[in-house]
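*Asks:* File name target-v3.txt; file contents compact mmCIF, C-alpha atoms and all ligand atoms; full text below.
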# COMPACT_ATOMS: atom_id res chain seq x y z
CA MET A 6 13.87 -29.44 13.46
CA PRO A 7 17.54 -29.58 14.30
CA SER A 8 18.45 -30.08 17.90
CA GLU A 9 19.32 -27.13 20.01
CA PRO A 10 22.43 -25.22 19.16
CA PRO A 11 25.54 -26.00 21.11
CA GLY A 12 26.59 -23.40 23.57
CA LYS A 13 23.31 -23.23 25.35
CA LYS A 14 24.15 -23.40 28.99
CA PRO A 15 21.66 -24.66 31.47
CA SER A 16 21.87 -23.00 34.82
CA LYS A 17 20.85 -23.98 38.28
CA LYS A 18 18.57 -21.02 38.51
CA ASP A 19 16.04 -21.52 35.82
CA GLU A 20 14.33 -18.20 36.29
CA LYS A 21 17.48 -16.25 35.59
CA VAL A 22 18.70 -18.13 32.57
CA ARG A 23 19.04 -16.25 29.34
CA VAL A 24 19.65 -18.46 26.34
CA PRO A 25 22.61 -17.09 24.42
CA PHE A 26 21.76 -15.49 21.16
CA ARG A 27 23.83 -17.33 18.59
CA ARG A 28 25.24 -15.28 15.80
CA ASN A 29 26.44 -18.23 13.81
CA ARG A 30 24.59 -18.22 10.56
CA ASN A 31 24.23 -21.97 10.61
CA THR A 32 22.01 -21.61 13.59
CA ARG A 33 18.41 -21.07 12.74
CA ARG A 34 17.54 -17.81 14.31
CA ARG A 35 14.06 -16.54 14.03
CA VAL A 36 14.03 -13.00 15.10
CA LYS A 37 12.55 -10.79 12.51
CA ASP A 38 11.73 -7.20 12.60
CA TRP A 39 8.36 -5.81 11.98
CA ALA A 40 9.78 -2.47 11.76
CA GLU A 41 10.27 0.36 9.58
CA HIS A 42 13.20 1.04 7.45
CA ALA A 43 15.96 2.02 9.75
CA HIS A 44 16.60 5.16 7.85
CA GLY A 45 13.16 5.79 6.53
CA ASP A 46 12.35 5.03 2.97
CA PRO A 47 10.59 7.97 1.40
CA ARG A 48 8.95 5.60 -1.07
CA ASP A 49 7.16 3.93 1.78
CA ASN A 50 6.26 6.91 3.86
CA ALA A 51 7.54 4.91 6.73
CA ALA A 52 9.84 7.11 8.73
CA HIS A 53 8.26 6.89 12.13
CA GLY A 54 11.06 5.66 14.33
CA GLU A 55 9.16 2.64 15.47
CA ARG A 56 10.31 -0.88 14.90
CA ILE A 57 8.57 -4.09 15.45
CA ALA A 58 10.05 -7.54 15.46
CA ALA A 59 8.43 -10.90 15.53
CA LYS A 60 10.15 -13.57 17.48
CA GLY A 61 9.45 -17.21 16.87
CA GLU A 62 11.83 -20.02 17.46
CA LEU A 63 14.20 -17.95 19.50
CA SER A 64 11.41 -17.10 21.82
CA ARG A 65 10.46 -20.75 22.12
CA LYS A 66 13.98 -21.63 23.02
CA ARG A 67 14.09 -18.99 25.65
CA THR A 68 10.79 -19.88 27.17
CA ILE A 69 11.80 -23.50 27.65
CA ILE A 70 13.46 -22.12 30.72
CA VAL A 71 10.24 -20.66 31.97
CA ARG A 72 8.53 -23.97 31.44
CA SER A 73 11.04 -25.82 33.57
CA ASP A 74 8.66 -25.83 36.47
CA ALA A 75 6.17 -28.46 35.44
CA GLY A 76 3.20 -26.43 34.22
CA PRO A 77 0.33 -24.53 35.74
CA PRO A 78 -0.74 -25.21 39.30
CA GLU A 79 -4.01 -27.07 39.72
CA GLY A 80 -7.35 -25.39 39.98
CA LEU A 81 -6.71 -22.33 37.86
CA ARG A 82 -8.70 -20.97 34.95
CA PRO A 83 -7.07 -20.68 31.55
CA GLY A 84 -7.40 -17.46 29.63
CA ILE A 85 -5.80 -15.16 27.13
CA VAL A 86 -4.50 -11.70 27.87
CA LEU A 87 -6.32 -8.96 25.98
CA ALA A 88 -4.62 -5.91 27.43
CA VAL A 89 -1.99 -5.01 29.99
CA ARG A 90 -1.90 -1.88 32.12
CA GLY A 91 1.07 -1.85 34.40
CA LEU A 92 0.63 -4.64 36.92
CA TYR A 93 -2.89 -5.41 35.78
CA ALA A 94 -4.13 -7.42 32.83
CA ASP A 95 -7.49 -8.12 31.27
CA VAL A 96 -7.90 -11.84 30.77
CA ASP A 97 -10.50 -13.41 28.50
CA ASP A 98 -11.60 -16.87 29.62
CA GLY A 99 -13.76 -17.41 26.55
CA THR A 100 -16.93 -16.08 28.10
CA ARG A 101 -15.97 -12.82 29.76
CA THR A 102 -13.09 -10.56 30.64
CA TRP A 103 -11.47 -10.75 34.07
CA PRO A 104 -9.40 -7.87 35.41
CA CYS A 105 -6.43 -9.58 37.00
CA THR A 106 -3.36 -8.67 38.93
CA ILE A 107 -0.06 -10.27 37.99
CA ARG A 108 1.53 -12.34 40.72
CA ARG A 109 4.97 -11.39 41.83
CA ILE A 110 6.25 -14.87 41.05
CA VAL A 111 5.21 -14.43 37.43
CA ARG A 112 6.91 -11.07 37.22
CA THR A 113 10.09 -12.38 38.75
CA ARG A 114 10.27 -15.33 36.44
CA ARG A 115 9.92 -13.17 33.36
CA ILE A 116 12.07 -10.37 34.63
CA GLN A 117 14.62 -10.65 31.88
CA GLU A 118 12.04 -10.67 29.16
CA ARG A 119 10.96 -7.21 30.21
CA ASN A 120 7.33 -8.08 29.75
CA ALA A 121 6.13 -10.47 32.40
CA VAL A 122 2.77 -10.66 30.76
CA THR A 123 1.91 -9.40 27.33
CA VAL A 124 -1.05 -9.28 25.03
CA GLY A 125 -1.79 -12.73 23.61
CA ASP A 126 -0.21 -14.61 26.48
CA ARG A 127 -1.96 -17.81 27.49
CA VAL A 128 -2.24 -17.57 31.23
CA HIS A 129 -3.77 -19.38 34.17
CA PHE A 130 -5.42 -17.32 36.86
CA SER A 131 -7.06 -17.70 40.22
CA VAL A 132 -10.30 -15.98 41.08
CA GLY A 133 -11.30 -13.71 43.90
CA THR A 134 -7.95 -13.38 45.56
CA ASP A 135 -6.87 -9.80 45.33
CA ALA A 136 -8.44 -6.53 46.22
CA GLY A 137 -8.82 -4.26 43.26
CA ALA A 138 -9.10 -7.06 40.75
CA GLU A 139 -11.18 -10.13 40.22
CA GLY A 140 -8.35 -12.52 39.61
CA ALA A 141 -4.62 -13.04 39.72
CA ILE A 142 -2.41 -14.41 36.99
CA GLU A 143 -0.39 -17.25 38.47
CA PHE A 144 1.19 -18.81 35.42
CA VAL A 145 2.13 -17.84 31.87
CA GLU A 146 2.49 -20.46 29.16
CA PRO A 147 5.55 -20.49 26.91
CA ARG A 148 5.27 -18.10 24.02
CA ARG A 149 5.56 -18.60 20.32
CA GLY A 150 5.39 -16.18 17.41
CA THR A 151 6.09 -13.03 19.34
CA LEU A 152 5.83 -9.56 17.88
CA GLN A 153 8.32 -7.14 19.29
CA ARG A 154 8.80 -3.46 19.02
CA LEU A 155 12.31 -2.16 19.05
CA THR A 156 12.65 1.31 20.41
CA GLY A 157 16.25 2.25 20.16
CA LYS A 158 17.97 -0.65 21.83
CA ARG A 159 15.04 -1.64 23.96
CA VAL A 160 12.99 -4.62 23.01
CA HIS A 161 9.37 -4.54 23.95
CA THR A 162 7.20 -7.57 23.44
CA ILE A 163 3.89 -6.31 22.15
CA ALA A 164 2.09 -9.54 21.37
CA ALA A 165 2.64 -13.24 21.91
CA ASN A 166 1.32 -16.32 20.13
CA VAL A 167 0.62 -14.68 16.81
CA ASP A 168 -0.46 -17.26 14.22
CA GLN A 169 -0.57 -15.17 11.10
CA ALA A 170 0.22 -11.80 9.67
CA ILE A 171 -2.34 -10.28 7.37
CA ILE A 172 -0.17 -8.20 5.07
CA VAL A 173 -2.37 -5.46 3.70
CA SER A 174 -1.63 -3.32 0.71
CA SER A 175 -3.98 -1.36 -1.49
CA ALA A 176 -4.69 -1.31 -5.19
CA ALA A 177 -4.37 2.48 -5.16
CA GLU A 178 -3.98 5.36 -2.72
CA PRO A 179 -1.32 4.29 -1.90
CA ALA A 180 -0.27 2.18 -4.87
CA PRO A 181 0.81 -1.39 -4.15
CA LYS A 182 4.47 -1.86 -3.35
CA PRO A 183 5.51 -5.44 -4.06
CA HIS A 184 8.87 -4.94 -2.40
CA LEU A 185 7.09 -4.06 0.84
CA ILE A 186 4.94 -7.17 0.55
CA ASP A 187 8.10 -9.21 0.11
CA ARG A 188 9.61 -7.66 3.22
CA TYR A 189 6.63 -8.51 5.31
CA ILE A 190 6.62 -12.05 3.98
CA VAL A 191 10.25 -12.53 4.91
CA ALA A 192 9.69 -11.05 8.34
CA ALA A 193 6.65 -13.20 9.01
CA LEU A 194 8.17 -16.46 7.83
CA TYR A 195 11.34 -15.81 9.73
CA GLY A 196 9.28 -15.53 12.88
CA GLY A 197 7.25 -18.62 12.22
CA ILE A 198 4.20 -16.51 11.51
CA ALA A 199 2.16 -17.42 8.42
CA PRO A 200 1.81 -14.59 5.91
CA VAL A 201 -1.50 -13.83 4.21
CA ILE A 202 -1.41 -11.25 1.44
CA CYS A 203 -4.46 -9.04 1.31
CA MET A 204 -4.97 -6.45 -1.42
CA ASN A 205 -7.53 -3.89 -0.30
CA LYS A 206 -9.30 -1.22 -2.34
CA ILE A 207 -9.81 -3.53 -5.30
CA ASP A 208 -12.69 -1.20 -6.17
CA LEU A 209 -9.93 1.16 -7.33
CA ASP A 210 -8.15 -1.48 -9.39
CA VAL A 211 -9.58 -0.35 -12.71
CA ALA A 212 -6.63 -1.45 -14.83
CA GLY A 213 -6.22 -4.79 -13.04
CA ALA A 214 -2.65 -4.08 -12.00
CA ALA A 215 -3.28 -5.02 -8.38
CA ALA A 216 -5.01 -8.24 -9.42
CA SER A 217 -1.99 -9.25 -11.43
CA ILE A 218 0.27 -8.62 -8.45
CA LEU A 219 -1.96 -10.89 -6.41
CA ASP A 220 -1.79 -13.51 -9.15
CA ARG A 221 1.95 -13.39 -8.95
CA TYR A 222 1.93 -14.24 -5.26
CA ARG A 223 -0.81 -16.82 -5.65
CA ALA A 224 1.28 -18.59 -8.27
CA LEU A 225 4.13 -18.77 -5.77
CA GLY A 226 1.89 -20.59 -3.34
CA TYR A 227 1.16 -17.77 -0.91
CA THR A 228 -2.30 -17.23 0.47
CA VAL A 229 -3.73 -14.17 -1.24
CA LEU A 230 -6.96 -12.28 -1.04
CA GLY A 231 -8.49 -9.31 -2.82
CA ALA A 232 -10.85 -7.15 -0.81
CA SER A 233 -12.61 -3.85 -0.57
CA ALA A 234 -13.64 -2.41 2.73
CA ARG A 235 -15.72 0.03 0.74
CA THR A 236 -17.77 -2.40 -1.38
CA GLY A 237 -17.57 -5.42 0.90
CA ALA A 238 -15.86 -7.56 -1.71
CA GLY A 239 -13.72 -10.30 -0.16
CA ILE A 240 -14.83 -9.54 3.38
CA ASP A 241 -16.42 -12.95 3.92
CA GLU A 242 -13.20 -14.58 2.78
CA LEU A 243 -11.26 -12.35 5.13
CA ARG A 244 -13.51 -13.39 8.01
CA ALA A 245 -12.74 -17.01 7.23
CA VAL A 246 -9.02 -16.20 7.36
CA PHE A 247 -9.35 -14.49 10.75
CA LYS A 248 -11.56 -17.17 12.27
CA ASP A 249 -10.07 -18.95 15.28
CA LYS A 250 -6.58 -17.53 14.73
CA GLU A 251 -4.57 -14.83 16.40
CA SER A 252 -3.70 -12.37 13.68
CA ALA A 253 -1.58 -9.29 13.33
CA VAL A 254 -2.49 -6.85 10.61
CA ALA A 255 0.47 -5.20 8.93
CA GLY A 256 0.84 -2.69 6.17
CA GLN A 257 1.69 0.90 5.56
CA SER A 258 -0.52 3.71 6.67
CA GLY A 259 -3.59 4.38 4.58
CA VAL A 260 -3.98 0.98 2.92
CA GLY A 261 -7.16 0.38 4.89
CA LYS A 262 -6.22 -1.89 7.79
CA SER A 263 -8.67 -0.30 10.18
CA SER A 264 -11.37 -0.13 7.53
CA LEU A 265 -10.98 -3.83 6.80
CA LEU A 266 -11.22 -4.76 10.46
CA ASN A 267 -14.31 -2.62 10.84
CA ALA A 268 -15.80 -4.38 7.81
CA VAL A 269 -14.90 -7.81 9.16
CA GLN A 270 -16.52 -6.97 12.44
CA PRO A 271 -19.04 -4.15 12.34
CA GLY A 272 -19.16 -2.48 15.71
CA LEU A 273 -15.43 -2.58 16.19
CA GLU A 274 -15.32 1.10 15.35
CA LEU A 275 -11.61 1.41 14.97
CA LYS A 276 -10.61 4.88 14.02
CA THR A 277 -9.77 5.22 10.35
CA GLY A 278 -7.64 7.78 8.66
CA ASP A 279 -4.43 8.92 10.14
CA ILE A 280 -5.71 10.17 13.45
CA ILE A 281 -4.29 7.36 15.55
CA GLU A 282 -0.92 7.49 13.95
CA GLN A 283 -0.67 11.23 14.27
CA THR A 284 -1.34 11.15 17.96
CA GLN A 285 1.06 8.27 18.50
CA LYS A 286 3.92 9.98 16.78
CA GLY A 287 6.79 10.74 19.08
CA ARG A 288 5.48 8.72 21.97
CA HIS A 289 5.63 5.23 20.61
CA THR A 290 7.32 3.96 23.77
CA THR A 291 4.05 4.31 25.61
CA THR A 292 1.75 2.83 23.01
CA THR A 293 0.30 -0.48 23.95
CA ALA A 294 -1.27 -3.17 21.91
CA ARG A 295 -4.51 -4.84 22.72
CA LEU A 296 -6.09 -8.01 21.53
CA ILE A 297 -9.55 -7.76 20.05
CA ARG A 298 -11.76 -10.76 20.33
CA LEU A 299 -13.60 -11.42 17.10
CA ASP A 300 -17.22 -12.56 17.08
CA MET A 301 -16.44 -15.29 14.57
CA GLY A 302 -13.71 -16.67 16.82
CA GLY A 303 -10.11 -15.61 16.97
CA TYR A 304 -8.28 -12.46 17.94
CA VAL A 305 -6.61 -9.63 16.20
CA VAL A 306 -3.71 -7.64 17.58
CA ASP A 307 -4.57 -3.98 17.52
CA THR A 308 -1.36 -2.05 17.62
CA PRO A 309 -0.57 1.33 16.22
CA GLY A 310 1.87 1.55 13.41
CA ILE A 311 3.15 -1.74 12.09
CA ARG A 312 4.19 -0.17 8.87
CA SER A 313 7.32 -1.16 7.15
CA LEU A 314 10.08 -3.28 8.45
CA ASP A 315 13.73 -3.52 9.06
CA ILE A 316 14.98 -6.98 8.39
CA SER A 317 18.57 -6.14 9.17
CA ARG A 318 18.68 -8.76 11.90
CA VAL A 319 17.79 -11.61 9.58
CA PRO A 320 21.02 -13.42 8.69
CA HIS A 321 21.53 -12.57 5.05
CA PHE A 322 22.17 -16.11 3.92
CA GLU A 323 18.82 -17.04 5.33
CA ILE A 324 16.84 -14.63 3.17
CA GLU A 325 16.72 -17.06 0.24
CA ALA A 326 14.82 -19.54 2.37
CA TYR A 327 11.89 -17.13 2.54
CA PHE A 328 11.55 -16.73 -1.21
CA ALA A 329 9.39 -19.66 -2.16
CA GLU A 330 10.51 -19.78 -5.80
CA PHE A 331 14.19 -19.78 -4.84
CA VAL A 332 14.13 -22.77 -2.55
CA ASP A 333 14.19 -25.55 -5.14
CA ARG A 334 16.62 -23.76 -7.38
CA VAL A 335 19.52 -22.81 -5.12
CA LYS A 336 20.95 -26.32 -5.24
CA ASP A 337 21.70 -25.72 -8.93
CA CYS A 338 23.92 -22.73 -8.29
CA LYS A 339 27.54 -23.35 -9.21
CA PHE A 340 28.80 -22.25 -5.81
CA ARG A 341 27.39 -23.77 -2.70
CA ASN A 342 27.51 -20.49 -0.83
CA CYS A 343 26.11 -18.52 -3.75
CA SER A 344 24.52 -15.28 -2.62
CA HIS A 345 22.65 -14.98 -5.96
CA THR A 346 23.80 -11.41 -6.30
CA HIS A 347 26.92 -11.46 -8.48
CA GLU A 348 28.15 -15.04 -8.87
CA ILE A 349 28.60 -16.79 -12.18
CA GLY A 350 26.63 -19.97 -12.69
CA CYS A 351 23.86 -18.74 -10.41
CA ALA A 352 20.62 -20.70 -10.92
CA ILE A 353 18.54 -17.87 -9.52
CA LYS A 354 19.92 -15.29 -11.91
CA GLY A 355 19.48 -17.79 -14.73
CA ALA A 356 15.83 -18.24 -13.81
CA VAL A 357 15.34 -14.48 -13.74
CA GLU A 358 16.86 -14.21 -17.22
CA ARG A 359 14.58 -16.95 -18.52
CA GLY A 360 11.57 -15.15 -17.06
CA GLU A 361 10.88 -17.87 -14.49
CA ILE A 362 11.45 -15.59 -11.54
CA HIS A 363 9.83 -12.18 -11.55
CA PRO A 364 12.43 -9.40 -11.75
CA ASP A 365 10.68 -7.48 -8.95
CA ARG A 366 11.01 -10.43 -6.63
CA TYR A 367 14.65 -10.81 -7.51
CA ALA A 368 15.23 -7.08 -6.98
CA THR A 369 13.68 -7.34 -3.53
CA TYR A 370 15.81 -10.33 -2.73
CA VAL A 371 18.98 -8.41 -3.58
CA GLU A 372 17.78 -5.40 -1.62
CA LEU A 373 17.02 -7.52 1.44
CA PHE A 374 20.20 -9.53 1.13
CA GLU A 375 22.31 -6.40 1.12
CA GLU A 376 20.36 -4.79 3.89
CA ALA A 377 20.49 -7.89 6.05
CA GLY A 378 24.18 -8.25 5.43
CA ARG A 379 24.94 -4.89 6.86
CA PRO A 380 26.88 -5.42 10.05
CA ARG A 381 24.30 -4.14 12.49
CA ARG A 382 24.15 -6.14 15.63
CA SER A 383 21.27 -4.97 17.63
CA LEU A 384 20.79 -8.03 19.83
P1 LIG B 401 -5.06 2.25 7.74
O1 LIG B 401 -4.16 3.42 7.98
O2 LIG B 401 -4.34 1.16 7.03
O3 LIG B 401 -5.77 1.76 8.96
O4 LIG B 401 -6.17 2.75 6.71
P2 LIG B 401 -7.65 3.26 7.01
O5 LIG B 401 -8.53 2.12 7.34
O6 LIG B 401 -7.59 4.38 7.96
O7 LIG B 401 -8.08 3.78 5.55
C1 LIG B 401 -7.38 4.81 4.90
C2 LIG B 401 -8.29 5.46 3.87
O8 LIG B 401 -8.62 4.55 2.83
C3 LIG B 401 -9.61 5.91 4.47
O9 LIG B 401 -9.93 7.18 3.91
C4 LIG B 401 -10.61 4.87 3.96
O10 LIG B 401 -11.90 5.39 3.81
C5 LIG B 401 -10.02 4.46 2.64
N1 LIG B 401 -10.37 3.07 2.29
C6 LIG B 401 -10.26 1.99 3.11
N2 LIG B 401 -10.66 0.88 2.47
C7 LIG B 401 -11.02 1.24 1.22
C8 LIG B 401 -11.49 0.53 0.07
O11 LIG B 401 -11.68 -0.70 0.07
N3 LIG B 401 -11.72 1.26 -1.06
C9 LIG B 401 -11.51 2.60 -1.11
N4 LIG B 401 -11.76 3.22 -2.26
N5 LIG B 401 -11.06 3.31 -0.04
C10 LIG B 401 -10.82 2.65 1.10
ZN ZN B 402 22.89 -18.42 -6.91
Please express the file's structure as structure tokens.
*Replies:*
Amino acid sequence: MPSEPPGKKPSKKDEKVRVPFRRNRNTRRRVKDWAEHAHGDPRDNAAHGERIAAKGELSRKRTIIVRSDAGPPEGLRPGIVLAVRGLYADVDDGTRTWPCTIRRIVRTRRIQERNAVTVGDRVHFSVGTDAGAEGAIEFVEPRRGTLQRLTGKRVHTIAANVDQAIIVSSAAEPAPKPHLIDRYIVAALYGGIAPVICMNKIDLDVAGAAASILDRYRALGYTVLGASARTGAGIDELRAVFKDKESAVAGQSGVGKSSLLNAVQPGLELKTGDIIEQTQKGRHTTTTARLIRLDMGGYVVDTPGIRSLDISRVPHFEIEAYFAEFVDRVKDCKFRNCSHTHEIGCAIKGAVERGEIHPDRYATYVELFEEAGRPRRSL
């Protein structure tokens, strides 16, 4: 990894330091939006006014500040935050859940992050100290791979330490949308979160169209999986993917995210259908995520409505880095700063013409490049 960008000013007061957000495109920024299309794309049925971003490297850079005081105090128990309710959090220590308060010192230190403690945080807590709770969170470890929701201009961290994004689409009802899959891949990779492409409802894939879409992504080196919550096909494989990781499940409404989770872990009893999303509509600022502990090991972030995404904060010249089949070819473009959209002597366009790059993938690239290039500066 390159060293830290210039312009980062250390301050005497560690707790108050905010690492500047560099807009220079040479700086590797890693904020990505798990969000819907800013203006709602009718094709995706995604106009819900809720936006989610994942934050990887940027978050790590920021949290270096938090870490500047040596690490957790002695004698505390480590745990992971499953849910947060105001100044209380449920902490899982691996054997049971501890209702904890959040120490003022922790809140103060994280004040500028808005969320002192969030779902997925690795924390250290003391036991038996406060009335009204069984423990108290004394220390929060630095975060990585953070999912954020953007509500208007406000950034709300909904989950920390996410390892992978299970990108769910369905073979039918609704039909698979490769361009949406591509968006989620870009968003995940940008945030340092590993994408896994899961095609649900393969029981409905009579013509094999969904299978061939999966083949396309498999050939590019992505992890892919066909499944059916209805027949149980692929569920064992999905369990293996979830095992011992912290996962977020993304995909448009109706593809079967809840059904898959219920199949992976019977007894979870997540509501299926659109009930949850209906009731959440219009009050997304109050929705909270929770972390579900899986019997096989690992956690899944349960959050309403990660549907589509707005990648407008990804620097547009960085998009190519998240298209696996582009990476080795861009060096052959005639112009070093080729955007692969209109230039002559473009190796990417050449590969598309020769049938080496799928036209759908190229179309998504252009779509994302133009969208990302729009001068919207939300951070
Ligand atoms: P979510 O909005 O992504 O959480 O989707 P749900 O889990 O609520 O599922 C949406 C609808 O698809 C429900 O009516 C499910 O019964 C149905 N469904 C889910 N998985 C499958 C599947 O593998 N095959 C078929 N045929 N239908 C499914
Ligand atoms: Zn090019």
*Asks:* Out of A:Tyr367, A:Tyr327, A:Phe340, A:Tyr227, which residue has the shortest atom-to-atom distance to ligand ZN 402 (chain B) when counting all atoms listed in the file?
*Replies:* A:Phe340
*Asks:* May I ask you to write as a list in words all residues lying at most 6 Å from ligand LIG 401 (chain B), with all atoms listed in the file counted?
*Replies:*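 The distance check yields Asn205, Lys206, Asp208, Leu209, Ser233, Ala234, Arg235, Ser258, Gly259, Val260, Gly261, Lys262, Ser263, Ser264, Thr277, Gly278 and Asp279 of chain A.
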*Asks:* Suppose we keep C-alpha atoms; can you now write the selection as a CSV table (one decimal), in the coordinates of the input?
*Replies:*
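Contents of out_1.csv, freshly written:
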chain,number,residue,atom,x,y,z
A,205,ASN,CA,-7.5,-3.9,-0.3
A,206,LYS,CA,-9.3,-1.2,-2.3
A,208,ASP,CA,-12.7,-1.2,-6.2
A,209,LEU,CA,-9.9,1.2,-7.3
A,233,SER,CA,-12.6,-3.8,-0.6
A,234,ALA,CA,-13.6,-2.4,2.7
A,235,ARG,CA,-15.7,0.0,0.7
A,258,SER,CA,-0.5,3.7,6.7
A,259,GLY,CA,-3.6,4.4,4.6
A,260,VAL,CA,-4.0,1.0,2.9
A,261,GLY,CA,-7.2,0.4,4.9
A,262,LYS,CA,-6.2,-1.9,7.8
A,263,SER,CA,-8.7,-0.3,10.2
A,264,SER,CA,-11.4,-0.1,7.5
A,277,THR,CA,-9.8,5.2,10.4
A,278,GLY,CA,-7.6,7.8,8.7
A,279,ASP,CA,-4.4,8.9,10.1
*Asks:* Record the distance separating CA of Met204 (chain A) and CA of Leu219 (chain A), expressed in Å with one decimal.
*Replies:*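 Computing the Euclidean distance for CA of Met204 (chain A) and CA of Leu219 (chain A) yields 7.3 Å.
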*Asks:* Around ligand ZN 402 (chain B), which protein and nucleic acid residues have at least one atom no more than 10 Å from it, if we count only C-alpha atoms and all ligand atoms? List them as a list in words.
*Replies:*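 My answer, listing the contacting residues, is Glu325, Phe331, Arg334, Val335, Lys336, Asp337, Cys338, Lys339, Phe340, Arg341, Asn342, Cys343, Ser344, His345, Thr346, His347, Glu348, Ile349, Gly350, Cys351, Ala352, Ile353, Lys354, Gly355 and Ala356 of chain A.
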*Asks:* Nearest residue to Tyr222 (chain A) out of A:Thr102, A:Val201, A:Arg108, A:Leu373, using all atoms listed in the file?
*Replies:*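 Of A:Thr102, A:Val201, A:Arg108, A:Leu373, the one nearest Tyr222 (chain A), counting all atoms listed in the file, is A:Val201.
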*Asks:* Do you have the CA of Lys250 (chain A)-CA of Gln270 (chain A) distance handy?
*Replies:*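 CA of Gln270 (chain A) lies at a distance of 14.7 Å from CA of Lys250 (chain A).
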*Asks:* Closest to Ile324 (chain A) among A:Asp220, A:Asp126, A:Glu79, A:Asp187, using only C-alpha atoms?
*Replies:*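 Going through A:Asp220, A:Asp126, A:Glu79, A:Asp187 one by one, the smallest distance to Ile324 (chain A) is for A:Asp187.
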*Asks:* Expressed in Å to a single decimal, how great is the separation between CA of Val254 (chain A) and CA of Val332 (chain A)?
*Replies:*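 These two atoms are separated by 26.5 Å.
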